[in-house]
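Following: one structure in structure tokens, then a few remarks.
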Amino acid sequence: MKPLFSEYTPAERAQMFEGKAASPLLPYRYKAKGLGDDLPASTGSLSVSGAQQKLGVCLENGLLRIAEPGEQSTHILKPCADGRFTLNHDMPANELFCLSMVAKLFKIPAVHATLCFFSDGVPAYLTKRFDVLPDGCKRHVEDIASLSETEVQGDSLKKYQGSYEQLAAIIAETSTAPLLDLRTFFKLVLVNYLLCNGDAHAKNFSMMEHDDGAWRLAPAYDILNTRLHVADSPFAMGSGLFSDGHKCHKSGMRNHFTEWAECIGLNAKFAAKEINRALTTLPELLLQLQKSHLSQKAQRVFRYHIRRRFLSLK
Ligand SMILES: Nc1ncnc2c1ncn2[C@@H]1O[C@H](COP(=O)(O)OP(=O)(O)OP(=O)(O)O)[C@@H](O)[C@H]1O
Ligand SMILES: [Mg+2]
């Protein structure tokens, strides 16, 4: 398989690599069952949580390489999942597309990301670490699951327990600017619904400490249209939007989101404004999808599912 491109644009270099030269071609092979033997065994995987394998990456002399053990990585690489997931090779482009739409169309701060390619052309998702400053210092970041009192370390299903109402309460309690972060969280949950991300669990939202000591919602990450790869349900959190677990019906999604806004301390007027604004993005979203790196088949499936979500909010 051939890499989709072999050079980064100046804009990508500026955003991802502080303007430095970087090649998207990795000196490692990807095998169907995971990373190949070319990967130094000692590098293992990065100490960040998540279901998929993730690797810390550094840029050296224009080449991306897996960070050595103990070395501070500046980027995170997520290879695509294996063939048990449909359209698995489209996963990196799916995540890249969704996150860039979250930032550009929905105006929600999101991580910077791009694609890179193993030496056999298999694409991977590459993101610049928001918790590592250019001087190598680390910012304090806590995901919402670890901020929850009920979290049990090592229980990988815990992140799905509870509701978005509970996650909102944790954000409001932790944030230095609770109203602003709740508004962003409302928009994020709405966008996850519209883009069919069925894996927006408690570890996929984080709080981050800023230089002035303020704790604010971290940039959005790990957003992709999961319907391309699995037949999942709209909300990852087991109880859905509401703590009392009452179910949302497809025909009443606008009302459900409005009621949820009020539950988390926002108002119906704000919800209506954000829903209406979000709905105007569909034509541009579909246009940008055509220009994305997703395969033609993945684009068709993507279109089909998001159109249904947008319709459900009319
Ligand atoms: N750009 C970034 N900067 C800093 N940390 C990040 C960034 N992207 C992801 N992370 C951290 O790495 C963790 C794993 O990344 P991510 O959620 O993308 O992987 P994942 O395998 O899809 O996770 P899961 O399937 O469990 O949701 C995140 O929970 C977050 O804490
Ligand atoms: Mg994740």
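Note on naming: chains are A, B, ... as they come in the structure tokens, residues start from 1 per chain, ligands start from 1 in the order shown.
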(message) Which residues are close to Tyr160 (chain A), i.e. within 9 Å by only C-alpha atoms, leaving aside same-chain residues fewer than 2 positions away? Reply as number ranges by chain.
(response) A: 156-158, 162-163, 199-203, 236-239
Any chance you could export the current selection's N, CA and C atoms as a short mmCIF file (atom, residue, chain, number, x, y, z; two decimals), in the first residue's frame?
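To be explicit, this is the file written out as out-v7.cif:
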```cif
data_model
loop_
_atom_site.label_atom_id
_atom_site.label_comp_id
_atom_site.auth_asym_id
_atom_site.auth_seq_id
_atom_site.Cartn_x
_atom_site.Cartn_y
_atom_site.Cartn_z
N SER A 156 -11.32 -1.33 33.45
CA SER A 156 -11.39 -0.62 32.18
C SER A 156 -12.83 -0.28 31.79
N LEU A 157 -13.82 -0.90 32.42
CA LEU A 157 -15.20 -0.59 32.06
C LEU A 157 -15.78 0.56 32.89
N LYS A 158 -15.08 0.93 33.96
CA LYS A 158 -15.55 2.00 34.84
C LYS A 158 -15.80 3.30 34.08
N GLY A 162 -22.04 5.59 34.58
CA GLY A 162 -22.54 6.92 34.92
C GLY A 162 -23.12 7.61 33.70
N SER A 163 -23.29 8.93 33.83
CA SER A 163 -23.98 9.68 32.78
C SER A 163 -23.18 10.94 32.43
N ASP A 199 -17.91 6.49 21.49
CA ASP A 199 -16.94 6.09 22.52
C ASP A 199 -16.48 7.28 23.36
N ALA A 200 -17.38 8.25 23.54
CA ALA A 200 -17.03 9.45 24.34
C ALA A 200 -17.23 9.13 25.82
N HIS A 201 -16.34 8.34 26.39
CA HIS A 201 -16.45 7.94 27.80
C HIS A 201 -15.67 8.90 28.70
N ALA A 202 -15.68 8.59 30.01
CA ALA A 202 -15.15 9.53 31.01
C ALA A 202 -13.64 9.79 30.89
N LYS A 203 -12.92 8.91 30.20
CA LYS A 203 -11.48 9.15 30.03
C LYS A 203 -11.18 9.94 28.76
N ALA A 236 -21.83 6.71 24.85
CA ALA A 236 -20.92 5.74 25.47
C ALA A 236 -21.21 5.55 26.96
N MET A 237 -21.61 6.63 27.64
CA MET A 237 -21.85 6.51 29.07
C MET A 237 -23.09 5.63 29.29
N GLY A 238 -22.94 4.66 30.18
CA GLY A 238 -23.98 3.65 30.37
C GLY A 238 -25.35 4.23 30.65
N SER A 239 -25.41 5.31 31.43
CA SER A 239 -26.73 5.88 31.77
C SER A 239 -27.16 6.93 30.76
#
```
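Proximity to region 50-67 of chain A at 6 Å, evaluated using only C-alpha atoms and with sequence-adjacent residues fewer than 2 positions away removed, yields Ala21, Ala22, Ser23, Ser45, Leu46, Glu71, Ser73, Thr74, His75, Ile76, Leu77 and Lys78 of chain A.
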Considering only C-alpha atoms, return as an mmCIF file with C-alpha atoms, in the first residue's frame whatever protein or nucleic-acid residues lie within 7 Å of Cys98 (chain A), sequence-local ones (same chain, fewer than 4 positions apart) excluded.
```
data_model
loop_
_atom_site.group_PDB
_atom_site.id
_atom_site.type_symbol
_atom_site.label_atom_id
_atom_site.label_comp_id
_atom_site.auth_asym_id
_atom_site.auth_seq_id
_atom_site.Cartn_x
_atom_site.Cartn_y
_atom_site.Cartn_z
ATOM 1 C CA ASN A 94 -11.509 9.397 10.511
ATOM 2 C CA VAL A 102 -14.589 19.989 15.852
ATOM 3 C CA ILE A 223 -13.279 11.849 18.540
ATOM 4 C CA LEU A 224 -14.117 9.691 15.544
#
```
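Compared by their closest atoms to ligand 2, and using only C-alpha atoms and all ligand atoms, the residues A:Leu182, A:Leu313, A:Leu286, A:Ile144 rank with A:Ile144 nearest.
Proximity to Glu95 (chain A) at 10 Å, evaluated using only C-alpha atoms and with sequence-adjacent residues fewer than 4 positions away removed, yields Asp90, Met91, Leu99, Ser100, Met101, Ala113, Thr114, Leu115, Tyr125, Leu126, Asn197, Tyr221, Asp222, Ile223, Leu224, Asn225, Thr226 and Leu294 of chain A.
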Check the DSSP output for the backbone and give back, as a PDB file with C-alpha atoms, in the first residue's frame, the residues of region 222-294 of chain A in helix (DSSP H, G or I).
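Ended up saving to out32.pdb:
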```
ATOM      1  CA  THR A 226     -17.211   4.942  15.435  1.00  0.00           C
ATOM      2  CA  ARG A 227     -20.164   3.773  13.259  1.00  0.00           C
ATOM      3  CA  LEU A 228     -17.646   3.224  10.458  1.00  0.00           C
ATOM      4  CA  LYS A 250     -34.460   9.280  18.466  1.00  0.00           C
ATOM      5  CA  SER A 251     -37.588  11.284  17.714  1.00  0.00           C
ATOM      6  CA  GLY A 252     -37.056  13.599  20.685  1.00  0.00           C
ATOM      7  CA  MET A 253     -33.346  14.388  20.571  1.00  0.00           C
ATOM      8  CA  ARG A 254     -33.785  18.162  20.433  1.00  0.00           C
ATOM      9  CA  ASN A 255     -35.929  18.043  23.570  1.00  0.00           C
ATOM     10  CA  HIS A 256     -33.515  15.656  25.282  1.00  0.00           C
ATOM     11  CA  PHE A 257     -30.519  17.915  24.652  1.00  0.00           C
ATOM     12  CA  THR A 258     -32.510  20.951  25.826  1.00  0.00           C
ATOM     13  CA  GLU A 259     -33.600  19.186  29.003  1.00  0.00           C
ATOM     14  CA  TRP A 260     -30.019  18.005  29.551  1.00  0.00           C
ATOM     15  CA  ALA A 261     -28.679  21.583  29.183  1.00  0.00           C
ATOM     16  CA  GLU A 262     -31.045  22.659  31.970  1.00  0.00           C
ATOM     17  CA  CYS A 263     -30.033  19.684  34.129  1.00  0.00           C
ATOM     18  CA  ALA A 268     -32.916  26.248  27.057  1.00  0.00           C
ATOM     19  CA  LYS A 269     -32.088  29.377  25.049  1.00  0.00           C
ATOM     20  CA  PHE A 270     -28.398  28.474  24.995  1.00  0.00           C
ATOM     21  CA  ALA A 271     -29.220  24.895  23.963  1.00  0.00           C
ATOM     22  CA  ALA A 272     -31.488  26.060  21.119  1.00  0.00           C
ATOM     23  CA  LYS A 273     -28.830  28.473  19.833  1.00  0.00           C
ATOM     24  CA  GLU A 274     -26.098  25.817  19.862  1.00  0.00           C
ATOM     25  CA  ILE A 275     -28.261  23.109  18.293  1.00  0.00           C
ATOM     26  CA  ASN A 276     -29.384  25.485  15.525  1.00  0.00           C
ATOM     27  CA  ARG A 277     -25.820  26.604  14.899  1.00  0.00           C
ATOM     28  CA  ALA A 278     -24.547  23.028  14.834  1.00  0.00           C
ATOM     29  CA  LEU A 279     -27.209  22.061  12.282  1.00  0.00           C
ATOM     30  CA  LEU A 282     -23.866  19.972   7.600  1.00  0.00           C
ATOM     31  CA  PRO A 283     -23.229  21.221   4.023  1.00  0.00           C
ATOM     32  CA  GLU A 284     -19.673  22.323   4.876  1.00  0.00           C
ATOM     33  CA  LEU A 285     -19.054  19.114   6.795  1.00  0.00           C
ATOM     34  CA  LEU A 286     -20.056  17.048   3.746  1.00  0.00           C
ATOM     35  CA  LEU A 287     -17.896  19.187   1.484  1.00  0.00           C
ATOM     36  CA  GLN A 288     -14.867  18.817   3.762  1.00  0.00           C
ATOM     37  CA  LEU A 289     -15.500  15.064   3.992  1.00  0.00           C
ATOM     38  CA  GLN A 290     -14.954  14.814   0.222  1.00  0.00           C
TER      39      GLN A 290
END
```
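Of note, CA of Gly245 (chain A) and CA of Ala168 (chain A) are spaced 14.9 Å apart.
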(message) Can you pull out every residue from region 26-227 of chain A that DSSP, working from the backbone, puts in strand (DSSP E), and format the result as a PyMOL selection string?
(response) chain A and resi 30-31+34-35+55-60+63-66+75-79+113-117+123-128+141-143+206-209+215-217
Output file for the residues above (C-alpha atoms, as an mmCIF file, in the first residue's frame):
```
data_model
loop_
_atom_site.group_PDB
_atom_site.id
_atom_site.type_symbol
_atom_site.label_atom_id
_atom_site.label_comp_id
_atom_site.auth_asym_id
_atom_site.auth_seq_id
_atom_site.Cartn_x
_atom_site.Cartn_y
_atom_site.Cartn_z
ATOM 1 C CA TYR A 30 3.127 -2.254 10.439
ATOM 2 C CA LYS A 31 1.929 -5.828 10.467
ATOM 3 C CA GLY A 34 0.124 -4.911 15.213
ATOM 4 C CA LEU A 35 3.505 -3.293 14.953
ATOM 5 C CA LEU A 55 3.267 5.146 21.225
ATOM 6 C CA GLY A 56 5.211 8.171 22.387
ATOM 7 C CA VAL A 57 7.033 9.785 19.470
ATOM 8 C CA CYS A 58 9.907 12.298 19.149
ATOM 9 C CA LEU A 59 11.115 14.259 16.148
ATOM 10 C CA GLU A 60 14.858 14.031 15.512
ATOM 11 C CA LEU A 63 12.465 11.949 11.295
ATOM 12 C CA LEU A 64 9.720 10.746 13.584
ATOM 13 C CA ARG A 65 10.817 7.944 15.891
ATOM 14 C CA ILE A 66 9.393 6.037 18.836
ATOM 15 C CA HIS A 75 3.712 13.434 20.049
ATOM 16 C CA ILE A 76 1.442 10.411 20.387
ATOM 17 C CA LEU A 77 1.057 7.915 17.569
ATOM 18 C CA LYS A 78 -2.045 5.742 17.303
ATOM 19 C CA PRO A 79 -1.773 2.989 14.703
ATOM 20 C CA ALA A 113 -3.169 16.130 14.573
ATOM 21 C CA THR A 114 -2.051 14.751 11.240
ATOM 22 C CA LEU A 115 -1.302 11.385 9.594
ATOM 23 C CA CYS A 116 1.978 9.544 9.263
ATOM 24 C CA PHE A 117 2.756 6.281 7.499
ATOM 25 C CA PRO A 123 -1.515 5.073 7.959
ATOM 26 C CA ALA A 124 -1.352 6.076 11.618
ATOM 27 C CA TYR A 125 -2.820 9.006 13.538
ATOM 28 C CA LEU A 126 -0.290 11.415 15.025
ATOM 29 C CA THR A 127 -1.181 14.086 17.577
ATOM 30 C CA LYS A 128 0.906 16.772 19.243
ATOM 31 C CA VAL A 141 -3.833 16.918 33.257
ATOM 32 C CA GLU A 142 -6.523 14.733 34.862
ATOM 33 C CA ASP A 143 -9.179 12.874 32.941
ATOM 34 C CA SER A 206 -9.830 15.931 30.639
ATOM 35 C CA MET A 207 -9.146 18.954 32.795
ATOM 36 C CA MET A 208 -5.825 20.766 32.402
ATOM 37 C CA GLU A 209 -3.942 23.187 34.639
ATOM 38 C CA TRP A 215 -8.074 24.452 35.765
ATOM 39 C CA ARG A 216 -9.962 24.293 32.461
ATOM 40 C CA LEU A 217 -11.369 21.680 30.126
#
```
(message) as JSON, numbers by chain, please: the residues near region 1-3 of chain A (cut-off 8 Å, only C-alpha atoms, same-chain neighbours under 2 positions excluded).
(response) {"A": [5, 6, 25, 117, 120, 121, 122, 123]}
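The space separating CA of Gln299 (chain A) from CA of Lys187 (chain A) comes to 23.7 Å.
Distances to ligand 1 were evaluated for A:Ser146, A:Thr9, A:Gln166, A:Ser292 using only C-alpha atoms and all ligand atoms, and the minimum falls at A:Ser146.
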(message) Can you tell me which residues surround Phe130 (chain A) at a distance of at most 9 Å, considering only C-alpha atoms, apart from same-chain residues fewer than 5 positions away, and format the answer as a PyMOL selection string?
(response) chain A and resi 74-75+111-112+138-139+218-219
(request) Check the smallest atom-to-atom distance from each of A:Phe205, A:Phe85, A:Phe17, A:Tyr193 to Arg307 (chain A) using only C-alpha atoms, then report the winner. (result) A:Tyr193
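Shortest separation to Gln72 (chain A) among A:Arg308, A:His229, A:Arg303, A:Arg129 occurs at residue A:Arg129, atoms counted being only C-alpha atoms.
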